[in-house]
$ cat target_8.cif   # mmCIF, C-alpha atoms and all ligand atoms
data_data
#
loop_
_atom_site.label_atom_id
_atom_site.label_comp_id
_atom_site.auth_asym_id
_atom_site.auth_seq_id
_atom_site.Cartn_x
_atom_site.Cartn_y
_atom_site.Cartn_z
CA MET A 1 0.00 0.00 0.00
CA PRO A 2 1.01 3.59 -0.44
CA ASP A 3 3.53 5.16 1.89
CA GLN A 4 2.97 8.22 4.08
CA LEU A 5 3.83 10.70 1.36
CA GLN A 6 0.73 9.58 -0.44
CA GLN A 7 -1.82 9.75 2.36
CA SER A 8 -4.21 12.32 0.92
CA VAL A 9 -5.14 10.35 -2.20
CA ASP A 10 -7.46 7.36 -2.23
CA PHE A 11 -5.53 4.59 -3.98
CA LYS A 12 -8.32 2.04 -4.05
CA PRO A 13 -9.60 3.07 -7.49
CA ALA A 14 -6.04 2.94 -8.85
CA GLU A 15 -5.56 -0.54 -7.41
CA GLU A 16 -8.76 -1.74 -9.04
CA ILE A 17 -7.75 -0.23 -12.37
CA LEU A 18 -4.30 -1.81 -12.19
CA GLN A 19 -5.83 -5.19 -11.44
CA SER A 20 -8.21 -4.85 -14.38
CA PHE A 21 -5.23 -4.32 -16.68
CA GLY A 22 -3.67 -7.62 -15.66
CA ASN A 23 -0.10 -8.06 -16.87
CA LEU A 24 0.99 -4.57 -17.58
CA ASN A 25 3.50 -3.70 -20.26
CA HIS A 26 4.62 -0.37 -21.68
CA ASP A 27 2.14 -0.65 -24.58
CA LYS A 28 -0.72 -0.35 -22.12
CA LEU A 29 0.59 2.80 -20.49
CA ILE A 30 -1.58 5.25 -22.46
CA PRO A 31 -4.86 3.34 -21.91
CA LEU A 32 -3.91 2.94 -18.24
CA LEU A 33 -3.32 6.69 -17.84
CA GLN A 34 -6.58 7.41 -19.68
CA LYS A 35 -8.47 5.16 -17.28
CA ILE A 36 -6.82 6.68 -14.21
CA GLN A 37 -7.68 10.17 -15.47
CA GLU A 38 -11.25 9.14 -16.24
CA VAL A 39 -11.74 7.92 -12.67
CA TYR A 40 -9.82 10.65 -10.76
CA GLY A 41 -10.59 13.50 -13.18
CA TYR A 42 -6.82 14.06 -13.55
CA LEU A 43 -3.58 12.22 -12.90
CA PRO A 44 -2.58 12.75 -9.26
CA VAL A 45 1.21 12.70 -8.95
CA PRO A 46 1.13 10.44 -5.84
CA VAL A 47 -0.89 7.88 -7.85
CA LEU A 48 1.70 8.01 -10.63
CA SER A 49 4.53 7.43 -8.13
CA TRP A 50 2.65 4.56 -6.58
CA MET A 51 1.88 3.01 -9.98
CA SER A 52 5.51 3.31 -10.96
CA LYS A 53 6.53 1.26 -7.91
CA LYS A 54 3.79 -1.28 -8.56
CA THR A 55 4.42 -1.72 -12.28
CA GLY A 56 8.13 -1.02 -12.67
CA ILE A 57 7.34 1.60 -15.33
CA PRO A 58 9.65 4.54 -14.51
CA GLU A 59 7.91 7.73 -13.44
CA SER A 60 10.01 9.61 -15.98
CA ARG A 61 8.42 7.55 -18.74
CA MET A 62 4.95 8.32 -17.43
CA HIS A 63 5.70 12.04 -17.27
CA GLY A 64 7.16 11.90 -20.78
CA VAL A 65 3.87 10.51 -22.08
CA ILE A 66 1.81 12.97 -20.03
CA THR A 67 3.66 16.01 -21.30
CA PHE A 68 3.57 14.78 -24.90
CA TYR A 69 -0.20 14.28 -25.03
CA SER A 70 -2.32 17.33 -24.29
CA GLN A 71 -5.19 15.09 -23.15
CA PHE A 72 -3.45 14.37 -19.84
CA TYR A 73 -3.49 16.61 -16.76
CA THR A 74 -1.65 16.29 -13.46
CA GLU A 75 -3.77 18.99 -11.80
CA PRO A 76 -7.52 18.88 -11.17
CA HIS A 77 -9.24 19.82 -14.39
CA GLY A 78 -12.64 21.31 -15.15
CA ARG A 79 -15.44 19.27 -16.70
CA HIS A 80 -15.09 21.39 -19.83
CA THR A 81 -11.96 22.80 -21.43
CA ILE A 82 -12.00 26.16 -23.19
CA ARG A 83 -9.14 26.77 -25.59
CA CYS A 84 -8.90 30.32 -26.84
CA CYS A 85 -6.60 30.87 -29.79
CA GLU A 86 -3.94 33.54 -29.45
CA GLY A 87 -2.31 32.94 -32.85
CA THR A 88 -1.58 35.77 -35.25
CA ALA A 89 -4.67 35.30 -37.44
CA CYS A 90 -6.93 35.29 -34.40
CA HIS A 91 -5.05 38.09 -32.68
CA VAL A 92 -5.52 40.53 -35.55
CA LYS A 93 -9.22 39.64 -35.61
CA GLY A 94 -9.72 40.41 -31.94
CA SER A 95 -8.92 37.30 -29.90
CA PRO A 96 -7.63 39.39 -26.94
CA ARG A 97 -11.19 40.69 -26.49
CA ILE A 98 -12.50 37.09 -26.50
CA ALA A 99 -9.97 36.02 -23.89
CA ASP A 100 -10.76 39.08 -21.77
CA ARG A 101 -14.46 38.25 -21.87
CA ILE A 102 -13.81 34.63 -20.81
CA ILE A 103 -11.64 35.88 -17.94
CA GLU A 104 -14.37 38.32 -16.93
CA GLU A 105 -17.22 35.79 -17.21
CA LEU A 106 -15.47 32.97 -15.36
CA ASN A 107 -13.09 34.85 -13.10
CA VAL A 108 -10.14 32.69 -14.12
CA LYS A 109 -6.79 33.37 -15.72
CA PRO A 110 -5.33 31.23 -18.51
CA GLY A 111 -4.30 27.87 -17.10
CA GLU A 112 -6.81 28.06 -14.24
CA THR A 113 -9.95 26.11 -13.41
CA THR A 114 -13.14 27.64 -12.06
CA LYS A 115 -13.85 26.96 -8.38
CA ASP A 116 -16.92 24.90 -9.30
CA MET A 117 -14.70 22.74 -11.58
CA ARG A 118 -16.95 23.56 -14.53
CA PHE A 119 -14.30 25.03 -16.84
CA THR A 120 -10.56 25.02 -17.34
CA PHE A 121 -9.40 27.93 -19.46
CA GLU A 122 -6.35 27.62 -21.70
CA THR A 123 -4.85 29.76 -24.41
CA VAL A 124 -3.18 28.12 -27.39
CA ALA A 125 -0.93 29.21 -30.26
CA CYS A 126 -3.20 28.02 -33.09
CA LEU A 127 -6.22 25.75 -33.34
CA GLY A 128 -5.58 24.99 -37.01
CA THR A 129 -8.71 26.75 -38.20
CA CYS A 130 -7.32 30.22 -38.94
CA PHE A 131 -9.98 30.79 -41.62
CA LEU A 132 -12.51 30.91 -38.75
CA ALA A 133 -10.58 33.55 -36.78
CA PRO A 134 -11.05 34.47 -34.07
CA VAL A 135 -11.66 30.96 -32.75
CA MET A 136 -12.15 29.20 -29.46
CA MET A 137 -12.89 25.57 -28.69
CA VAL A 138 -14.98 24.20 -25.86
CA ASN A 139 -14.07 20.53 -25.51
CA ASN A 140 -14.20 19.33 -29.14
CA ASP A 141 -16.53 22.06 -30.44
CA TYR A 142 -15.17 24.92 -32.55
CA TYR A 143 -16.63 28.42 -32.36
CA GLY A 144 -15.40 30.72 -35.12
CA GLN A 145 -15.83 34.33 -36.15
CA LEU A 146 -16.41 35.03 -32.51
CA THR A 147 -17.25 38.27 -30.85
CA ALA A 148 -16.95 38.90 -27.14
CA ASP A 149 -20.75 39.07 -26.85
CA LYS A 150 -21.11 35.50 -28.13
CA VAL A 151 -18.95 34.06 -25.34
CA ALA A 152 -21.49 33.97 -22.48
CA PRO A 153 -24.34 32.41 -24.53
CA ILE A 154 -21.94 29.71 -25.78
CA LEU A 155 -20.65 28.90 -22.30
CA LYS A 156 -24.21 28.57 -20.99
CA ASN A 157 -24.52 25.39 -23.06
CA TYR A 158 -21.88 23.64 -20.94
CA THR A 159 -23.06 22.74 -17.45
S1 LIG B 1 -4.28 31.53 -35.44
FE1 LIG B 1 -6.14 31.07 -34.50
S2 LIG B 1 -6.75 29.23 -35.42
FE2 LIG B 1 -4.82 29.64 -36.27
#
$ encode --input "target_8.cif" --output "structure tokens" --more "lines below"
Ligand code: FES
Amino acid sequence: MPDQLQQSVDFKPAEEILQSFGNLNHDKLIPLLQKIQEVYGYLPVPVLSWMSKKTGIPESRMHGVITFYSQFYTEPHGRHTIRCCEGTACHVKGSPRIADRIIEELNVKPGETTKDMRFTFETVACLGTCFLAPVMMVNNDYYGQLTADKVAPILKNYT
């Protein structure tokens, strides 16, 4: 069982997940991390340390995978993720006003999560849809040709 450094996290779900994966090899690391994140809502670092000891997969390898894939989070994450583009095409079409409105509506800075865990707000360099500038994404939904006044009605759809 976990040592004293890990006392504030409940490891039972992680134990059950590990058992369900049976013989673990490195190929199963991504699905394992996905499952852990699905259950905990993020990837608690103490759980990663504990899993490393249990499985023999080095923590450095886990963190390498986590930092490579943007789907993984080691901090508590909101139920919905807003990504506001700050790229050049979006910037010249007014993305700073979109970001300011999100900050004002949700009272969060980029990289932060609302207190009710409803949203995590991120800014990104380009969403790959510059023709829609200015653009934001909420989860997997794109919202293009945005104005600041469209932000609140869009966010209302995500509870
Ligand atoms: S610069 Fe915003 S989508 Fe590319």
$ closest_residue --input "target_8.cif" --among "A:Met62, A:Ala125, A:Leu48, A:Met137" --to "ligand LIG 1 (chain B)" --atoms "only C-alpha atoms and all ligand atoms"
A:Ala125
$ residues_around --input "target_8.cif" --residues "Gly144 of chain A" --least-positions-apart "2" --cutoff "9 Å" --atoms "all atoms listed in the file" --output "list in words"
Thr129, Cys130, Phe131, Leu132, Ala133, Pro134, Val135, Met136, Met137, Tyr142, Leu146 and Thr147 of chain A
$ axis_aligned_box --input "target_8.cif" --around "segment 129-145 of chain A" --padding-each-side "8 Å" --output "AutoDock Vina command-line options"
--center_x -12.0 --center_y 26.9 --center_z -33.6 --size_x 25.3 --size_y 31.1 --size_z 32.1
$ closest_atom_pairs --input "target_8.cif" --of "segment 16-89 of chain A" --to "segment 109-115 of chain A" --cutoff "12 Å" --atoms "only C-alpha atoms" --output "JSON lines"
{"residue": "A:Tyr73", "atom": "CA", "partner": "A:Gly111", "partner_atom": "CA", "distance": 11.3}
{"residue": "A:Glu75", "atom": "CA", "partner": "A:Thr113", "partner_atom": "CA", "distance": 9.6}
{"residue": "A:Pro76", "atom": "CA", "partner": "A:Thr113", "partner_atom": "CA", "distance": 7.9}
{"residue": "A:His77", "atom": "CA", "partner": "A:Thr113", "partner_atom": "CA", "distance": 6.4}
{"residue": "A:Gly78", "atom": "CA", "partner": "A:Thr113", "partner_atom": "CA", "distance": 5.8}
{"residue": "A:Arg79", "atom": "CA", "partner": "A:Thr113", "partner_atom": "CA", "distance": 9.4}
{"residue": "A:His80", "atom": "CA", "partner": "A:Thr113", "partner_atom": "CA", "distance": 9.5}
{"residue": "A:Thr81", "atom": "CA", "partner": "A:Thr113", "partner_atom": "CA", "distance": 8.9}
{"residue": "A:Ile82", "atom": "CA", "partner": "A:Pro110", "partner_atom": "CA", "distance": 9.6}
{"residue": "A:Arg83", "atom": "CA", "partner": "A:Pro110", "partner_atom": "CA", "distance": 9.2}
{"residue": "A:Cys84", "atom": "CA", "partner": "A:Pro110", "partner_atom": "CA", "distance": 9.1}
{"residue": "A:Cys85", "atom": "CA", "partner": "A:Pro110", "partner_atom": "CA", "distance": 11.4}
{"residue": "A:Glu86", "atom": "CA", "partner": "A:Pro110", "partner_atom": "CA", "distance": 11.3}
$ write_last_selection --input "target_8.cif" --atoms "C-alpha atoms" --output "compact mmCIF listing (two decimals), in the frame of the given file"
# COMPACT_ATOMS: atom_id res chain seq x y z
CA TYR A 73 -3.49 16.61 -16.76
CA GLU A 75 -3.77 18.99 -11.80
CA PRO A 76 -7.52 18.88 -11.17
CA HIS A 77 -9.24 19.82 -14.39
CA GLY A 78 -12.64 21.31 -15.15
CA ARG A 79 -15.44 19.27 -16.70
CA HIS A 80 -15.09 21.39 -19.83
CA THR A 81 -11.96 22.80 -21.43
CA ILE A 82 -12.00 26.16 -23.19
CA ARG A 83 -9.14 26.77 -25.59
CA CYS A 84 -8.90 30.32 -26.84
CA CYS A 85 -6.60 30.87 -29.79
CA GLU A 86 -3.94 33.54 -29.45
$ closest_residue --input "target_8.cif" --among "A:Ile66, A:Ala152, A:Ile57, A:Leu33" --to "Asp100 of chain A" --atoms "only C-alpha atoms"
A:Ala152
$ residues_around --input "target_8.cif" --residues "Glu38 of chain A" --least-positions-apart "3" --cutoff "12 Å" --atoms "only C-alpha atoms" --output "list in words"
Pro13, Ala14, Ile17, Pro31, Leu32, Leu33, Gln34, Lys35, Gly41, Tyr42, Leu43, Pro44, Gln71, Phe72, Tyr73, Pro76, His77 and Arg79 of chain A
$ atom_distance --input "target_8.cif" --atom1 "atom S2 of ligand LIG 1 (chain B)" --atom2 "atom CA of Thr88 of chain A"
8.3 Å
$ closest_residue --input "target_8.cif" --among "A:Val108, A:Met117, A:Leu29, A:Val92" --to "ligand LIG 1 (chain B)" --atoms "all atoms listed in the file"
A:Val92
$ closest_residue --input "target_8.cif" --among "A:Ala89, A:Asp141, A:Leu155, A:Thr120" --to "ligand LIG 1 (chain B)" --atoms "all atoms listed in the file"
A:Ala89
$ atom_distance --input "target_8.cif" --atom1 "atom CA of Cys90 of chain A" --atom2 "atom CA of Tyr69 of chain A"
24.0 Å
$ atom_distance --input "target_8.cif" --atom1 "atom CA of Asp27 of chain A" --atom2 "atom CA of Lys53 of chain A"
17.3 Å
$ closest_residue --input "target_8.cif" --among "A:Arg97, A:Leu127, A:Arg118, A:Ile30" --to "Asp149 of chain A" --atoms "only C-alpha atoms"
A:Arg97
$ closest_residue --input "target_8.cif" --among "A:Ser49, A:Thr123, A:Gln19, A:Gln37" --to "ligand LIG 1 (chain B)" --atoms "all atoms listed in the file"
A:Thr123
